[in-house]
file my_file.pdb (PDB, C-alpha atoms)
ATOM      1  CA  MET A   1      98.131   2.966 254.146
ATOM      2  CA  ASN A   2      98.916   6.509 253.101
ATOM      3  CA  ASN A   3     100.133   7.547 249.710
ATOM      4  CA  PHE A   4     101.393  11.014 250.595
ATOM      5  CA  GLU A   5     102.620  11.619 247.072
ATOM      6  CA  LEU A   6      99.164  11.011 245.621
ATOM      7  CA  LEU A   7      97.417  13.181 248.210
ATOM      8  CA  LEU A   8      99.857  16.088 247.992
ATOM      9  CA  ASN A   9     100.050  16.027 244.212
ATOM     10  CA  ALA A  10      96.242  15.951 243.958
ATOM     11  CA  LEU A  11      96.036  19.082 246.115
ATOM     12  CA  ALA A  12      98.890  20.797 244.289
ATOM     13  CA  SER A  13      97.664  20.015 240.781
ATOM     14  CA  SER A  14      94.299  21.629 241.580
ATOM     15  CA  ARG A  15      96.125  24.636 243.099
ATOM     16  CA  VAL A  16      94.503  24.189 246.518
ATOM     17  CA  SER A  17      95.730  26.701 249.116
ATOM     18  CA  PHE A  18      96.787  24.634 252.123
ATOM     19  CA  VAL A  19      99.546  24.229 254.707
ATOM     20  CA  ILE A  20     100.887  20.893 255.963
ATOM     21  CA  ILE A  21     100.606  20.606 259.751
ATOM     22  CA  GLY A  22     100.507  17.834 262.392
ATOM     23  CA  GLY A  23     102.479  14.616 262.348
ATOM     24  CA  VAL A  24     103.505  14.831 258.695
ATOM     25  CA  ALA A  25     104.901  18.329 259.331
ATOM     26  CA  ALA A  26     106.743  16.832 262.303
ATOM     27  CA  THR A  27     108.213  14.181 259.984
ATOM     28  CA  VAL A  28     109.313  16.892 257.567
ATOM     29  CA  HIS A  29     111.146  18.535 260.481
ATOM     30  CA  GLY A  30     112.848  15.249 261.372
ATOM     31  CA  SER A  31     110.509  13.483 263.788
ATOM     32  CA  ALA A  32     110.918   9.702 263.915
ATOM     33  CA  ARG A  33     107.420   9.116 265.304
ATOM     34  CA  LEU A  34     104.739   7.166 263.479
ATOM     35  CA  THR A  35     101.751   9.158 262.286
ATOM     36  CA  SER A  36      98.867   7.777 260.296
ATOM     37  CA  ASP A  37      97.201  10.689 258.555
ATOM     38  CA  LEU A  38      97.925  13.843 256.608
ATOM     39  CA  ASP A  39      96.654  16.997 258.345
ATOM     40  CA  VAL A  40      96.320  20.265 256.458
ATOM     41  CA  VAL A  41      94.883  23.693 257.180
ATOM     42  CA  TYR A  42      92.982  24.931 254.143
ATOM     43  CA  GLU A  43      91.851  28.352 252.982
ATOM     44  CA  ARG A  44      88.087  28.893 253.277
ATOM     45  CA  SER A  45      87.276  30.986 250.194
ATOM     46  CA  ARG A  46      84.584  29.585 247.910
ATOM     47  CA  GLU A  47      87.168  29.327 245.100
ATOM     48  CA  ASN A  48      89.515  27.275 247.220
ATOM     49  CA  LEU A  49      86.706  25.031 248.447
ATOM     50  CA  GLY A  50      85.915  24.364 244.785
ATOM     51  CA  ARG A  51      89.531  23.452 244.141
ATOM     52  CA  LEU A  52      89.495  21.103 247.172
ATOM     53  CA  VAL A  53      86.430  19.336 245.802
ATOM     54  CA  GLU A  54      88.051  19.047 242.357
ATOM     55  CA  ALA A  55      91.280  17.677 243.873
ATOM     56  CA  LEU A  56      89.782  15.146 246.270
ATOM     57  CA  THR A  57      86.650  13.840 244.569
ATOM     58  CA  PRO A  58      88.641  11.313 242.469
ATOM     59  CA  LEU A  59      90.034   9.956 245.777
ATOM     60  CA  GLU A  60      86.516   9.171 247.043
ATOM     61  CA  PRO A  61      86.570  11.138 250.328
ATOM     62  CA  TYR A  62      84.231   9.880 253.053
ATOM     63  CA  LEU A  63      83.790  10.667 256.738
ATOM     64  CA  ARG A  64      86.258   8.570 258.713
ATOM     65  CA  GLY A  65      84.614   6.269 261.232
ATOM     66  CA  ALA A  66      81.115   6.901 259.896
ATOM     67  CA  PRO A  67      78.925   3.950 258.904
ATOM     68  CA  ALA A  68      78.891   3.141 255.215
ATOM     69  CA  GLY A  69      75.977   4.414 253.188
ATOM     70  CA  LEU A  70      75.484   7.843 254.767
ATOM     71  CA  PRO A  71      74.349  10.485 252.287
ATOM     72  CA  PHE A  72      77.687  12.326 252.492
ATOM     73  CA  GLN A  73      78.298  14.684 249.603
ATOM     74  CA  PHE A  74      81.819  16.050 249.327
ATOM     75  CA  ASP A  75      80.951  19.372 247.734
ATOM     76  CA  VAL A  76      81.409  23.104 248.308
ATOM     77  CA  GLU A  77      78.208  23.432 250.335
ATOM     78  CA  THR A  78      79.240  20.640 252.708
ATOM     79  CA  LEU A  79      82.645  22.267 253.187
ATOM     80  CA  ARG A  80      81.021  25.673 253.757
ATOM     81  CA  ARG A  81      78.727  24.276 256.465
ATOM     82  CA  GLY A  82      81.592  22.660 258.399
ATOM     83  CA  LEU A  83      85.109  23.603 259.425
ATOM     84  CA  ASN A  84      87.111  20.492 260.249
ATOM     85  CA  PHE A  85      86.707  17.220 258.333
ATOM     86  CA  THR A  86      88.324  13.886 259.175
ATOM     87  CA  LEU A  87      88.221  11.879 255.975
ATOM     88  CA  THR A  88      89.215   8.573 254.523
ATOM     89  CA  THR A  89      90.361   8.599 250.910
ATOM     90  CA  THR A  90      91.698   5.968 248.543
ATOM     91  CA  ALA A  91      95.146   7.493 249.215
ATOM     92  CA  GLY A  92      94.804   7.288 253.007
ATOM     93  CA  PRO A  93      93.375   9.305 255.903
ATOM     94  CA  LEU A  94      93.233  13.067 255.428
ATOM     95  CA  ASP A  95      92.233  15.722 257.980
ATOM     96  CA  LEU A  96      91.093  19.093 256.635
ATOM     97  CA  LEU A  97      91.217  21.794 259.300
ATOM     98  CA  GLY A  98      89.799  25.289 258.927
ATOM     99  CA  GLU A  99      91.732  26.464 261.985
ATOM    100  CA  LEU A 100      94.690  25.259 263.990
ATOM    101  CA  SER A 101      94.741  25.433 267.808
ATOM    102  CA  GLY A 102      97.224  27.987 269.099
ATOM    103  CA  VAL A 103      97.868  29.517 265.679
ATOM    104  CA  GLY A 104      94.621  30.405 263.887
ATOM    105  CA  ASP A 105      93.132  30.201 260.411
ATOM    106  CA  TYR A 106      94.839  29.514 257.093
ATOM    107  CA  ARG A 107      96.267  33.038 256.776
ATOM    108  CA  ALA A 108      97.814  32.881 260.254
ATOM    109  CA  VAL A 109      99.227  29.400 259.623
ATOM    110  CA  TYR A 110     100.569  30.464 256.207
ATOM    111  CA  GLU A 111     102.488  33.289 257.901
ATOM    112  CA  VAL A 112     104.371  30.758 260.041
ATOM    113  CA  SER A 113     105.043  28.264 257.248
ATOM    114  CA  ASP A 114     107.920  27.670 254.845
ATOM    115  CA  ASP A 115     108.271  26.148 251.392
ATOM    116  CA  VAL A 116     109.198  22.480 251.261
ATOM    117  CA  SER A 117     109.847  20.488 248.108
ATOM    118  CA  LEU A 118     108.075  17.113 248.094
ATOM    119  CA  PHE A 119     107.449  14.723 245.198
ATOM    120  CA  GLY A 120     108.285  17.273 242.532
ATOM    121  CA  ALA A 121     106.167  20.118 243.858
ATOM    122  CA  SER A 122     106.563  22.932 246.353
ATOM    123  CA  HIS A 123     104.239  22.911 249.370
ATOM    124  CA  ARG A 124     103.817  25.068 252.459
ATOM    125  CA  CYS A 125     104.698  23.370 255.759
ATOM    126  CA  ILE A 126     104.214  24.902 259.198
ATOM    127  CA  ASN A 127     107.533  25.885 260.775
ATOM    128  CA  LEU A 128     108.962  24.082 263.788
ATOM    129  CA  ASP A 129     108.164  26.759 266.395
ATOM    130  CA  ALA A 130     104.540  27.117 265.336
ATOM    131  CA  LEU A 131     104.152  23.341 265.168
ATOM    132  CA  ILE A 132     105.325  23.103 268.792
ATOM    133  CA  ILE A 133     102.883  25.855 269.800
ATOM    134  CA  SER A 134     100.000  24.074 268.050
ATOM    135  CA  LYS A 135     100.836  20.713 269.640
ATOM    136  CA  ARG A 136     101.031  22.351 273.058
ATOM    137  CA  ALA A 137      97.713  24.117 272.475
ATOM    138  CA  ALA A 138      96.018  20.870 271.437
ATOM    139  CA  GLY A 139      96.841  19.601 274.926
ATOM    140  CA  ARG A 140      96.228  15.928 274.217
ATOM    141  CA  ALA A 141      98.088  13.304 276.213
ATOM    142  CA  LYS A 142      99.684  11.868 273.059
ATOM    143  CA  ASP A 143     101.105  15.287 272.196
ATOM    144  CA  PHE A 144     103.412  15.507 275.230
ATOM    145  CA  GLU A 145     105.937  13.085 273.762
ATOM    146  CA  ALA A 146     105.583  14.647 270.324
ATOM    147  CA  VAL A 147     106.307  18.089 271.793
ATOM    148  CA  ALA A 148     109.292  16.688 273.691
ATOM    149  CA  GLU A 149     110.768  15.313 270.476
ATOM    150  CA  LEU A 150     110.126  18.533 268.527
ATOM    151  CA  GLU A 151     111.692  20.627 271.276
ATOM    152  CA  LEU A 152     114.757  18.378 271.250
ATOM    153  CA  ILE A 153     115.046  18.862 267.494
ATOM    154  CA  ARG A 154     114.859  22.592 268.093
ATOM    155  CA  GLU A 155     117.204  22.696 271.097
ATOM    156  CA  GLU A 156     119.844  20.656 269.337
ATOM    157  CA  GLY A 157     119.616  22.845 266.257
ATOM    158  CA  LEU A 158     118.727  19.823 264.211
ATOM    159  CA  GLY A 159     115.613  21.125 262.525
ATOM    160  CA  ASP A 160     116.871  22.364 259.180
ATOM    161  CA  SER A 161     114.019  20.402 257.504
ATOM    162  CA  GLN A 162     116.002  20.056 254.276
ATOM    163  CA  GLY A 163     118.306  17.154 255.144
ATOM    164  CA  ASP A 164     122.036  16.816 254.558
ATOM    165  CA  LYS A 165     121.639  16.123 250.888
ATOM    166  CA  PRO A 166     121.809  18.944 248.352
TER     167      PRO A 166
ATOM    168  CA  MET B   1     113.435  36.507 267.944
ATOM    169  CA  SER B   2     109.881  35.866 266.744
ATOM    170  CA  THR B   3     106.880  35.772 269.055
ATOM    171  CA  TYR B   4     106.674  32.040 268.446
ATOM    172  CA  GLN B   5     110.326  31.458 269.334
ATOM    173  CA  ALA B   6     109.893  33.495 272.515
ATOM    174  CA  GLN B   7     106.768  31.567 273.447
ATOM    175  CA  VAL B   8     108.464  28.208 272.874
ATOM    176  CA  GLN B   9     111.533  29.167 274.849
ATOM    177  CA  ALA B  10     109.744  30.925 277.696
ATOM    178  CA  THR B  11     107.697  27.998 278.934
ATOM    179  CA  LYS B  12     109.033  24.654 280.061
ATOM    180  CA  ASP B  13     106.428  22.001 280.720
ATOM    181  CA  PRO B  14     107.680  19.533 283.371
ATOM    182  CA  ILE B  15     105.868  16.635 281.676
ATOM    183  CA  VAL B  16     107.464  17.450 278.326
ATOM    184  CA  GLU B  17     110.859  17.793 280.002
ATOM    185  CA  ALA B  18     110.418  14.367 281.618
ATOM    186  CA  TYR B  19     109.695  12.783 278.227
ATOM    187  CA  LYS B  20     112.869  14.221 276.686
ATOM    188  CA  SER B  21     115.221  11.911 278.575
ATOM    189  CA  GLY B  22     113.542   8.875 277.002
ATOM    190  CA  ILE B  23     113.801   9.995 273.395
ATOM    191  CA  ASP B  24     116.383   8.335 271.153
ATOM    192  CA  VAL B  25     118.094  11.301 269.514
ATOM    193  CA  THR B  26     120.031   8.985 267.191
ATOM    194  CA  LEU B  27     116.750   8.185 265.396
ATOM    195  CA  ILE B  28     116.143  11.880 264.862
ATOM    196  CA  ARG B  29     119.686  12.418 263.587
ATOM    197  CA  GLU B  30     119.272   9.465 261.224
ATOM    198  CA  ASN B  31     116.039  10.956 259.930
ATOM    199  CA  LEU B  32     117.591  14.375 259.437
ATOM    200  CA  ARG B  33     120.221  12.908 257.113
ATOM    201  CA  ARG B  34     117.363  12.257 254.708
ATOM    202  CA  THR B  35     115.616  14.835 252.566
ATOM    203  CA  PRO B  36     112.046  15.739 253.651
ATOM    204  CA  GLU B  37     110.690  13.599 250.811
ATOM    205  CA  GLU B  38     112.771  10.613 251.936
ATOM    206  CA  ARG B  39     111.450  11.133 255.483
ATOM    207  CA  LEU B  40     107.871  10.838 254.221
ATOM    208  CA  LEU B  41     108.714   7.715 252.212
ATOM    209  CA  ALA B  42     110.313   6.190 255.324
ATOM    210  CA  LEU B  43     107.140   7.048 257.262
ATOM    211  CA  GLN B  44     105.040   5.251 254.644
ATOM    212  CA  GLN B  45     107.270   2.176 254.973
ATOM    213  CA  LEU B  46     106.882   2.326 258.752
ATOM    214  CA  GLN B  47     103.089   2.565 258.373
ATOM    215  CA  SER B  48     103.145  -0.478 256.099
ATOM    216  CA  PHE B  49     105.245  -2.399 258.636
ATOM    217  CA  ALA B  50     102.879  -1.407 261.475
ATOM    218  CA  GLN B  51      99.919  -2.579 259.391
ATOM    219  CA  GLU B  52     101.587  -5.966 258.835
ATOM    220  CA  LEU B  53     102.311  -6.281 262.558
ATOM    221  CA  ARG B  54      98.675  -5.538 263.440
ATOM    222  CA  LYS B  55      97.488  -8.075 260.855
ATOM    223  CA  GLY B  56      99.898 -10.710 262.217
ATOM    224  CA  GLY B  57      98.727 -10.006 265.768
ATOM    225  CA  ARG B  58      95.066 -10.392 264.770
ATOM    226  CA  GLU B  59      95.797 -13.726 263.067
ATOM    227  CA  MET B  60      97.774 -14.936 266.085
ATOM    228  CA  ARG B  61      94.905 -14.090 268.457
ATOM    229  CA  HIS B  62      92.433 -15.769 266.094
ATOM    230  CA  ARG B  63      94.476 -19.017 266.058
ATOM    231  CA  ARG B  64      94.556 -19.094 269.870
ATOM    232  CA  ARG B  65      90.748 -19.144 270.111
TER     233      ARG B  65
END
call {"tool": "encode", "arguments": {"input": "my_file.pdb", "output": "structure tokens"}}
result
Amino acid sequence: MNNFELLLNALASSRVSFVIIGGVAATVHGSARLTSDLDVVYERSRENLGRLVEALTPLEPYLRGAPAGLPFQFDVETLRRGLNFTLTTTAGPLDLLGELSGVGDYRAVYEVSDDVSLFGASHRCINLDALIISKRAAGRAKDFEAVAELELIREEGLGDSQGDKP
Amino acid sequence: MSTYQAQVQATKDPIVEAYKSGIDVTLIRENLRRTPEERLLALQQLQSFAQELRKGGREMRHRRR
């Protein structure tokens, strides 16, 4: 099971540059759908890759679905050689994406994100319009219903993302 | 209006539109009464519940064999 607080605070305390996207972003905007992993777009500078390694190494990241015992090293060189990583961690599944379909790289995603306060820290979360665009661009069968829900949130003016509480 | 807003509003996908009629908006409204942090905590509880259901289903199938 996910521990979103642990994952997000690990990234924040190492000052990783990232934006929350995917199903967790949908939840932030009010979606009632079940999602099982945390997806983030991360910045690809060597400094930020170092911060990612520092943040996640204590959570024992490993390639999700891969057989146990592979010589997988979660380090800067591994991150430099790849772009998207689907990982398991001791705090739950985590997807690291270098680019987001329909939007672009970290800088482009950052431009269409807003601050959201979660578990005592401020994080960047993709805005509702860009999230809809990215889900449409992904074009997977499971995304049709997700897009429908997000568009309803938008059409009904429900997506304030901050809740009724002060 | 931003480019993104225009793009979202300009295109209506018939499959997406068909899905909309089946969505329970009351669940969304209920969720939006919560803060974003409370929404994530509720999601974690739902994940835990789903995990228990899967475990129970596995055990039930195992007993039938």
call {"tool": "interface_residues", "arguments": {"input": "my_file.pdb", "of": "chain B", "to": "chain A", "cutoff": "6 Å", "atoms": "only C-alpha atoms", "output": "VMD selection string"}}
result
chain B and resid 4 to 5 16 19 to 20 28 31 to 37
call {"tool": "atom_distance", "arguments": {"input": "my_file.pdb", "atom1": "atom CA of B:Leu43", "atom2": "atom CA of A:Leu94"}}
result
15.3 Å
call {"tool": "atom_distance", "arguments": {"input": "my_file.pdb", "atom1": "atom CA of B:Thr26", "atom2": "atom CA of B:Ala50"}}
result
20.9 Å
call {"tool": "resolve_selection", "arguments": {"input": "my_file.pdb", "expression": "the PyMOL selection byres ((chain A and resi 83) around 10)", "output": "list of chain:residue names"}}
result
A:Tyr42, A:Arg44, A:Thr78, A:Leu79, A:Arg80, A:Arg81, A:Gly82, A:Asn84, A:Phe85, A:Leu96, A:Leu97, A:Gly98, A:Glu99
call {"tool": "atom_distance", "arguments": {"input": "my_file.pdb", "atom1": "atom CA of A:Ala91", "atom2": "atom CA of B:Phe49"}}
result
17.0 Å
